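Visitor: Contents of final_32.cif (mmCIF, C-alpha atoms) are below:
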data_run
#
loop_
_atom_site.group_PDB
_atom_site.id
_atom_site.type_symbol
_atom_site.label_atom_id
_atom_site.label_comp_id
_atom_site.auth_asym_id
_atom_site.auth_seq_id
_atom_site.Cartn_x
_atom_site.Cartn_y
_atom_site.Cartn_z
ATOM 1 C CA MET I 293 -28.180 -89.990 -199.133
ATOM 2 C CA LYS I 294 -31.301 -91.074 -201.015
ATOM 3 C CA ALA I 295 -33.350 -88.458 -199.126
ATOM 4 C CA ILE I 296 -30.966 -85.688 -200.172
ATOM 5 C CA PHE I 297 -31.097 -86.835 -203.790
ATOM 6 C CA LEU I 298 -34.916 -86.887 -203.746
ATOM 7 C CA ALA I 299 -34.997 -83.418 -202.164
ATOM 8 C CA VAL I 300 -32.643 -81.952 -204.780
ATOM 9 C CA LEU I 301 -34.192 -83.737 -207.780
ATOM 10 C CA PRO I 302 -37.084 -81.262 -208.367
ATOM 11 C CA PHE I 303 -34.684 -78.298 -208.303
ATOM 12 C CA LEU I 304 -32.312 -80.061 -210.666
ATOM 13 C CA GLY I 305 -35.199 -80.765 -213.050
ATOM 14 C CA LEU I 306 -36.338 -77.135 -212.872
ATOM 15 C CA ALA I 307 -32.816 -75.849 -213.548
ATOM 16 C CA CYS I 308 -32.269 -78.224 -216.490
ATOM 17 C CA GLY I 309 -35.690 -77.480 -217.979
ATOM 18 C CA SER I 310 -35.236 -73.715 -217.650
ATOM 19 C CA GLY I 311 -31.760 -73.898 -219.139
ATOM 20 C CA LEU I 312 -32.980 -75.961 -222.092
ATOM 21 C CA ALA I 313 -35.873 -73.561 -222.732
ATOM 22 C CA ALA I 314 -33.531 -70.549 -222.639
ATOM 23 C CA TRP I 315 -31.093 -72.291 -225.002
ATOM 24 C CA GLN I 316 -33.892 -73.119 -227.476
ATOM 25 C CA ILE I 317 -35.134 -69.535 -227.520
ATOM 26 C CA LYS I 318 -31.655 -68.024 -227.836
ATOM 27 C CA SER I 319 -30.594 -70.472 -230.528
ATOM 28 C CA GLY I 320 -33.614 -69.727 -232.671
ATOM 29 C CA SER I 321 -35.160 -73.169 -232.149
ATOM 30 C CA SER I 322 -38.208 -71.438 -230.740
ATOM 31 C CA THR I 323 -39.551 -69.084 -233.384
ATOM 32 C CA LEU I 324 -41.973 -66.235 -233.426
ATOM 33 C CA SER I 325 -45.321 -67.194 -234.915
ATOM 34 C CA ILE I 326 -45.585 -64.967 -238.015
ATOM 35 C CA GLU I 327 -43.185 -65.482 -240.930
ATOM 36 C CA ASN I 328 -42.587 -63.166 -243.877
ATOM 37 C CA GLY I 329 -39.675 -64.311 -246.035
ATOM 38 C CA PRO I 330 -36.608 -64.503 -243.774
ATOM 39 C CA TRP I 331 -38.296 -62.299 -241.159
ATOM 40 C CA GLN I 332 -40.287 -63.444 -238.130
ATOM 41 C CA THR I 333 -42.549 -61.498 -235.802
ATOM 42 C CA ALA I 334 -45.548 -61.963 -233.537
ATOM 43 C CA GLU I 335 -48.662 -60.097 -232.481
ATOM 44 C CA ASN I 336 -48.537 -57.775 -229.473
ATOM 45 C CA ILE I 337 -44.777 -58.058 -228.911
ATOM 46 C CA GLY I 338 -44.499 -55.169 -226.478
ATOM 47 C CA SER I 339 -47.817 -55.595 -224.701
ATOM 48 C CA ALA I 340 -49.343 -57.602 -221.875
ATOM 49 C CA ASP I 341 -51.446 -59.418 -224.522
ATOM 50 C CA ALA I 342 -48.382 -61.185 -226.004
ATOM 51 C CA SER I 343 -48.308 -64.985 -225.841
ATOM 52 C CA LEU I 344 -46.088 -66.698 -223.280
ATOM 53 C CA GLN I 345 -43.733 -67.845 -226.048
ATOM 54 C CA THR I 346 -43.461 -64.301 -227.424
ATOM 55 C CA ARG I 347 -42.773 -62.929 -223.955
ATOM 56 C CA ALA I 348 -40.028 -65.517 -223.450
ATOM 57 C CA VAL I 349 -38.393 -64.658 -226.782
ATOM 58 C CA ILE I 350 -38.487 -60.932 -226.006
ATOM 59 C CA ALA I 351 -37.173 -61.463 -222.466
ATOM 60 C CA LEU I 352 -34.138 -63.352 -223.774
ATOM 61 C CA ARG I 353 -33.552 -61.712 -227.168
ATOM 62 C CA GLY I 354 -35.016 -58.223 -227.002
ATOM 63 C CA LEU I 355 -34.790 -55.353 -224.623
ATOM 64 C CA LEU I 356 -37.622 -52.958 -223.850
ATOM 65 C CA ALA I 357 -39.975 -53.834 -226.713
ATOM 66 C CA LEU I 358 -42.575 -51.181 -227.503
ATOM 67 C CA PRO I 359 -46.272 -51.901 -228.148
ATOM 68 C CA ASP I 360 -47.571 -52.269 -231.731
ATOM 69 C CA SER I 361 -48.832 -48.681 -231.732
ATOM 70 C CA GLU I 362 -45.188 -47.570 -231.476
ATOM 71 C CA ALA I 363 -43.173 -50.231 -233.336
ATOM 72 C CA ILE I 364 -43.329 -53.597 -235.076
ATOM 73 C CA TYR I 365 -40.274 -55.825 -234.713
ATOM 74 C CA TYR I 366 -39.127 -58.409 -237.235
ATOM 75 C CA ASN I 367 -36.182 -60.702 -236.549
ATOM 76 C CA ALA I 368 -34.092 -62.689 -239.053
ATOM 77 C CA VAL I 369 -31.581 -65.438 -238.276
ATOM 78 C CA LYS I 370 -31.482 -66.727 -241.872
ATOM 79 C CA ASP I 371 -31.077 -65.142 -245.292
ATOM 80 C CA SER I 372 -33.745 -65.235 -248.003
ATOM 81 C CA ASP I 373 -32.452 -68.646 -249.173
ATOM 82 C CA GLY I 374 -32.884 -70.136 -245.694
ATOM 83 C CA GLN I 375 -29.195 -70.261 -244.736
ATOM 84 C CA MET I 376 -28.115 -69.113 -241.267
ATOM 85 C CA LEU I 377 -26.602 -65.626 -241.137
ATOM 86 C CA ASP I 378 -22.821 -65.992 -240.879
ATOM 87 C CA GLY I 379 -20.115 -63.404 -240.159
ATOM 88 C CA ASN I 380 -17.870 -65.071 -242.751
ATOM 89 C CA CYS I 381 -20.309 -63.948 -245.452
ATOM 90 C CA THR I 382 -21.406 -60.613 -246.861
ATOM 91 C CA TYR I 383 -25.031 -59.725 -247.527
ATOM 92 C CA HIS I 384 -27.147 -57.145 -249.277
ATOM 93 C CA ILE I 385 -30.430 -56.249 -247.654
ATOM 94 C CA LYS I 386 -32.646 -54.890 -250.423
ATOM 95 C CA GLY I 387 -35.994 -53.244 -249.997
ATOM 96 C CA GLY I 388 -38.394 -50.498 -250.895
ATOM 97 C CA THR I 389 -40.845 -48.211 -249.190
ATOM 98 C CA LEU I 390 -41.971 -49.592 -245.831
ATOM 99 C CA ALA I 391 -45.391 -48.602 -244.482
ATOM 100 C CA ALA I 392 -43.976 -46.874 -241.412
ATOM 101 C CA ARG I 393 -42.934 -43.383 -240.398
ATOM 102 C CA TRP I 394 -39.339 -44.527 -239.822
ATOM 103 C CA TRP I 395 -37.496 -47.859 -239.875
ATOM 104 C CA SER I 396 -34.111 -49.317 -238.965
ATOM 105 C CA ILE I 397 -32.192 -52.585 -239.295
ATOM 106 C CA THR I 398 -29.724 -53.548 -236.553
ATOM 107 C CA ALA I 399 -27.294 -56.476 -236.274
ATOM 108 C CA TYR I 400 -26.929 -58.372 -232.985
ATOM 109 C CA GLY I 401 -24.278 -60.897 -231.991
ATOM 110 C CA LYS I 402 -24.731 -64.371 -230.567
ATOM 111 C CA ASP I 403 -25.017 -62.821 -227.084
ATOM 112 C CA ASN I 404 -28.053 -60.775 -228.298
ATOM 113 C CA TYR I 405 -26.174 -57.478 -227.861
ATOM 114 C CA LEU I 406 -24.781 -54.981 -230.355
ATOM 115 C CA ILE I 407 -21.663 -56.225 -232.109
ATOM 116 C CA PRO I 408 -18.568 -54.245 -231.034
ATOM 117 C CA ASN I 409 -16.747 -52.667 -233.972
ATOM 118 C CA ARG I 410 -14.242 -49.879 -234.644
ATOM 119 C CA SER I 411 -16.533 -47.944 -236.975
ATOM 120 C CA GLY I 412 -19.223 -47.402 -234.339
ATOM 121 C CA TYR I 413 -21.989 -48.402 -236.774
ATOM 122 C CA TYR I 414 -24.670 -50.733 -235.466
ATOM 123 C CA SER I 415 -27.642 -50.129 -237.726
ATOM 124 C CA ALA I 416 -28.903 -48.402 -240.832
ATOM 125 C CA GLY I 417 -32.342 -47.089 -241.554
ATOM 126 C CA SER I 418 -34.644 -44.903 -243.551
ATOM 127 C CA GLY I 419 -32.694 -41.803 -242.522
ATOM 128 C CA ALA I 420 -29.717 -43.033 -244.580
ATOM 129 C CA PHE I 421 -31.663 -42.644 -247.821
ATOM 130 C CA SER I 422 -32.994 -39.613 -249.659
ATOM 131 C CA ALA I 423 -36.677 -39.379 -250.560
ATOM 132 C CA ASP I 424 -35.800 -40.580 -254.082
ATOM 133 C CA GLN I 425 -34.004 -43.669 -252.690
ATOM 134 C CA GLN I 426 -36.792 -44.776 -250.290
ATOM 135 C CA SER I 427 -38.485 -46.953 -252.921
ATOM 136 C CA ASP I 428 -35.334 -48.904 -253.878
ATOM 137 C CA TRP I 429 -32.471 -49.182 -251.403
ATOM 138 C CA THR I 430 -29.634 -51.528 -250.411
ATOM 139 C CA ILE I 431 -27.740 -51.962 -247.137
ATOM 140 C CA ALA I 432 -24.499 -53.960 -247.012
ATOM 141 C CA VAL I 433 -23.750 -56.301 -244.094
ATOM 142 C CA GLY I 434 -20.362 -57.885 -243.464
ATOM 143 C CA ALA I 435 -17.305 -58.051 -241.220
ATOM 144 C CA ASP I 436 -15.413 -55.795 -243.630
ATOM 145 C CA ASN I 437 -16.763 -52.647 -245.227
ATOM 146 C CA VAL I 438 -18.237 -54.082 -248.402
ATOM 147 C CA ALA I 439 -20.649 -51.234 -248.931
ATOM 148 C CA GLY I 440 -19.078 -49.277 -251.747
ATOM 149 C CA PRO I 441 -19.715 -45.570 -252.295
ATOM 150 C CA GLY I 442 -22.987 -44.254 -250.913
ATOM 151 C CA LEU I 443 -24.149 -47.626 -249.583
ATOM 152 C CA PRO I 444 -24.834 -47.920 -245.827
ATOM 153 C CA TRP I 445 -22.918 -50.691 -244.063
ATOM 154 C CA ILE I 446 -23.706 -52.696 -240.920
ATOM 155 C CA PRO I 447 -20.579 -54.406 -239.525
ATOM 156 C CA VAL I 448 -20.722 -57.893 -237.996
ATOM 157 C CA ALA I 449 -18.080 -60.080 -236.309
ATOM 158 C CA LYS I 450 -15.990 -62.264 -238.611
ATOM 159 C CA GLY I 451 -16.785 -65.945 -238.166
ATOM 160 C CA GLU I 452 -19.656 -65.363 -235.739
ATOM 161 C CA PRO I 453 -23.378 -65.990 -236.230
ATOM 162 C CA PHE I 454 -25.600 -62.936 -235.973
ATOM 163 C CA ASP I 455 -29.197 -61.912 -236.409
ATOM 164 C CA LEU I 456 -30.930 -58.849 -237.772
ATOM 165 C CA THR I 457 -33.810 -56.881 -236.290
ATOM 166 C CA LEU I 458 -36.033 -54.726 -238.479
ATOM 167 C CA ARG I 459 -37.958 -52.101 -236.520
ATOM 168 C CA ALA I 460 -40.844 -50.293 -238.191
ATOM 169 C CA TYR I 461 -41.847 -47.287 -236.069
ATOM 170 C CA HIS I 462 -45.402 -45.922 -236.204
ATOM 171 C CA ALA I 463 -46.401 -48.563 -238.736
ATOM 172 C CA GLU I 464 -49.353 -47.856 -240.980
ATOM 173 C CA ASP I 465 -52.499 -49.987 -240.770
ATOM 174 C CA SER I 466 -51.491 -51.805 -243.977
ATOM 175 C CA LEU I 467 -48.385 -53.201 -242.242
ATOM 176 C CA LEU I 468 -50.113 -53.860 -238.920
ATOM 177 C CA ALA I 469 -52.855 -55.884 -240.623
ATOM 178 C CA ASN I 470 -50.578 -57.764 -243.069
ATOM 179 C CA ARG I 471 -47.471 -58.764 -241.114
ATOM 180 C CA SER I 472 -47.054 -62.044 -243.005
ATOM 181 C CA SER I 473 -47.572 -60.619 -246.501
ATOM 182 C CA ALA I 474 -46.319 -57.010 -246.391
ATOM 183 C CA ALA I 475 -43.385 -56.239 -248.687
ATOM 184 C CA LEU I 476 -40.271 -56.581 -246.508
ATOM 185 C CA PRO I 477 -36.587 -56.445 -247.478
ATOM 186 C CA THR I 478 -34.766 -59.480 -248.842
ATOM 187 C CA ILE I 479 -31.485 -60.651 -247.316
ATOM 188 C CA GLU I 480 -29.216 -61.804 -250.142
ATOM 189 C CA ARG I 481 -25.949 -63.642 -249.468
ATOM 190 C CA GLN I 482 -23.169 -62.224 -251.657
ATOM 191 C CA GLU I 483 -19.965 -64.143 -250.915
ATOM 192 C CA CYS I 484 -18.342 -66.076 -248.099
ATOM 193 C CA SER I 485 -14.763 -66.584 -246.946
ATOM 194 C CA ALA I 486 -13.321 -69.341 -244.780
#
Go ahead and render the structure in this file as structure tokens.
Guide:
Amino acid sequence: MKAIFLAVLPFLGLACGSGLAAWQIKSGSSTLSIENGPWQTAENIGSADASLQTRAVIALRGLLALPDSEAIYYNAVKDSDGQMLDGNCTYHIKGGTLAARWWSITAYGKDNYLIPNRSGYYSAGSGAFSADQQSDWTIAVGADNVAGPGLPWIPVAKGEPFDLTLRAYHAEDSLLANRSSAALPTIERQECSA
């Protein structure tokens, strides 16, 4: 019996260690290395030059990441005040001109997939705003449509945690070189229900 236990012990340790590492990455305990307000990112996300930690985060939280020349990815699990994003609350994401050809913000559920909803909306981006609105825009996020007239809305699941991904496609050099200090949108909590 002792021999069987000793033979199984390394595999048990490997399984427990792998499971704990996956849980830490999925739960946000393991963060990307560059912070900018509520947003986090890393260098070389979609390339072979990415760090092992970045590769692990992308493998568990992101699908098919593109190289920096195509897109920069920022992820947020907290609002601008440092509170975890919560489906019982509504939010306004407020921003201005981003140094990219096109951008989008998408909500993902606790399983790291799009959040099912009746409206069929999963993200909002620069295409939702006219040229005049690009320098000062707002996107509403909440389980119920809290957007109001003319305001894009990203639905989330009531009572469930979620995270947001900001994708900046064909980013300009000013964003590529200043990931931690570039002007990015704020995530402002509006109100919460029980």
Visitor: Pull the neighbourhood of (-28.8, -50.0, -246.8) for me: all residues within 7 Å in file coordinates, counting all atoms listed in the file, as a ChimeraX atom specification.
Guide: /I:385,416-417,429-432,443-445
Visitor: I:Ser372, I:Gln332, I:Asn367, I:Ser411: which is nearest I:Gln482, counting all atoms listed in the file?
Guide: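 For I:Gln482, the nearest of the given residues is I:Ser372.
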Visitor: Between I:Ser472, I:Asn437, I:Gln426, I:Thr457, which has the minimum distance to I:Ile326 (counting all atoms listed in the file)?
Guide: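 Closest candidate: I:Ser472.
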Visitor: Under the rule that all atoms listed in the file are counted, which of I:Gln425, I:Gln375, I:Ser418, I:Ser485 is the nearest residue to I:Ala460?
Guide: I:Ser418
Visitor: Find, counting all atoms listed in the file, the residue in I:Gly440, I:Gly412, I:Pro477, I:Gly379 that gets nearest to I:Asn328.
Guide: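 Closest residue, counting all atoms listed in the file: I:Pro477.
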Visitor: Using all atoms listed in the file, find the one residue out of I:Met376, I:Ile479, I:Leu468, I:Val369 that sits nearest to I:Tyr400.
Guide: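 Among the listed residues, the smallest separation from I:Tyr400 belongs to I:Val369.
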Visitor: Go ahead and compute the interatomic distance for atom CA of I:Thr398 and atom CA of I:Glu362, in Å to one decimal.
Guide: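 Interatomic distance here is 17.3 Å.
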Visitor: Here's the selection I'm unsure about, the PyMOL selection byres ((chain I and resi 388) around 8); applied to the file above, which residues does it give, as a CSV table (one decimal) with C-alpha atoms, keeping the file's coordinate frame?
Guide:
chain,number,residue,atom,x,y,z
I,386,LYS,CA,-32.6,-54.9,-250.4
I,387,GLY,CA,-36.0,-53.2,-250.0
I,389,THR,CA,-40.8,-48.2,-249.2
I,390,LEU,CA,-42.0,-49.6,-245.8
I,426,GLN,CA,-36.8,-44.8,-250.3
I,427,SER,CA,-38.5,-47.0,-252.9
I,428,ASP,CA,-35.3,-48.9,-253.9
I,429,TRP,CA,-32.5,-49.2,-251.4
I,475,ALA,CA,-43.4,-56.2,-248.7
I,476,LEU,CA,-40.3,-56.6,-246.5
I,477,PRO,CA,-36.6,-56.4,-247.5
Visitor: Could you check the closest approach to I:Asp378 for each of I:Leu467, I:Ala439, I:Ala449, I:Leu406 and tell me which residue wins, using all atoms listed in the file?
Guide: I:Ala449
Visitor: Translate the PyMOL selection byres ((chain I and resi 381) around 7) into a concrete residue list for this structure, as an mmCIF file with C-alpha atoms, keeping the file's coordinate frame.
Guide:
data_model
loop_
_atom_site.group_PDB
_atom_site.id
_atom_site.type_symbol
_atom_site.label_atom_id
_atom_site.label_comp_id
_atom_site.auth_asym_id
_atom_site.auth_seq_id
_atom_site.Cartn_x
_atom_site.Cartn_y
_atom_site.Cartn_z
ATOM 1 C CA ASP I 378 -22.821 -65.992 -240.879
ATOM 2 C CA GLY I 379 -20.115 -63.404 -240.159
ATOM 3 C CA ASN I 380 -17.870 -65.071 -242.751
ATOM 4 C CA THR I 382 -21.406 -60.613 -246.861
ATOM 5 C CA TYR I 383 -25.031 -59.725 -247.527
ATOM 6 C CA GLY I 434 -20.362 -57.885 -243.464
ATOM 7 C CA ARG I 481 -25.949 -63.642 -249.468
ATOM 8 C CA GLU I 483 -19.965 -64.143 -250.915
ATOM 9 C CA CYS I 484 -18.342 -66.076 -248.099
ATOM 10 C CA SER I 485 -14.763 -66.584 -246.946
#
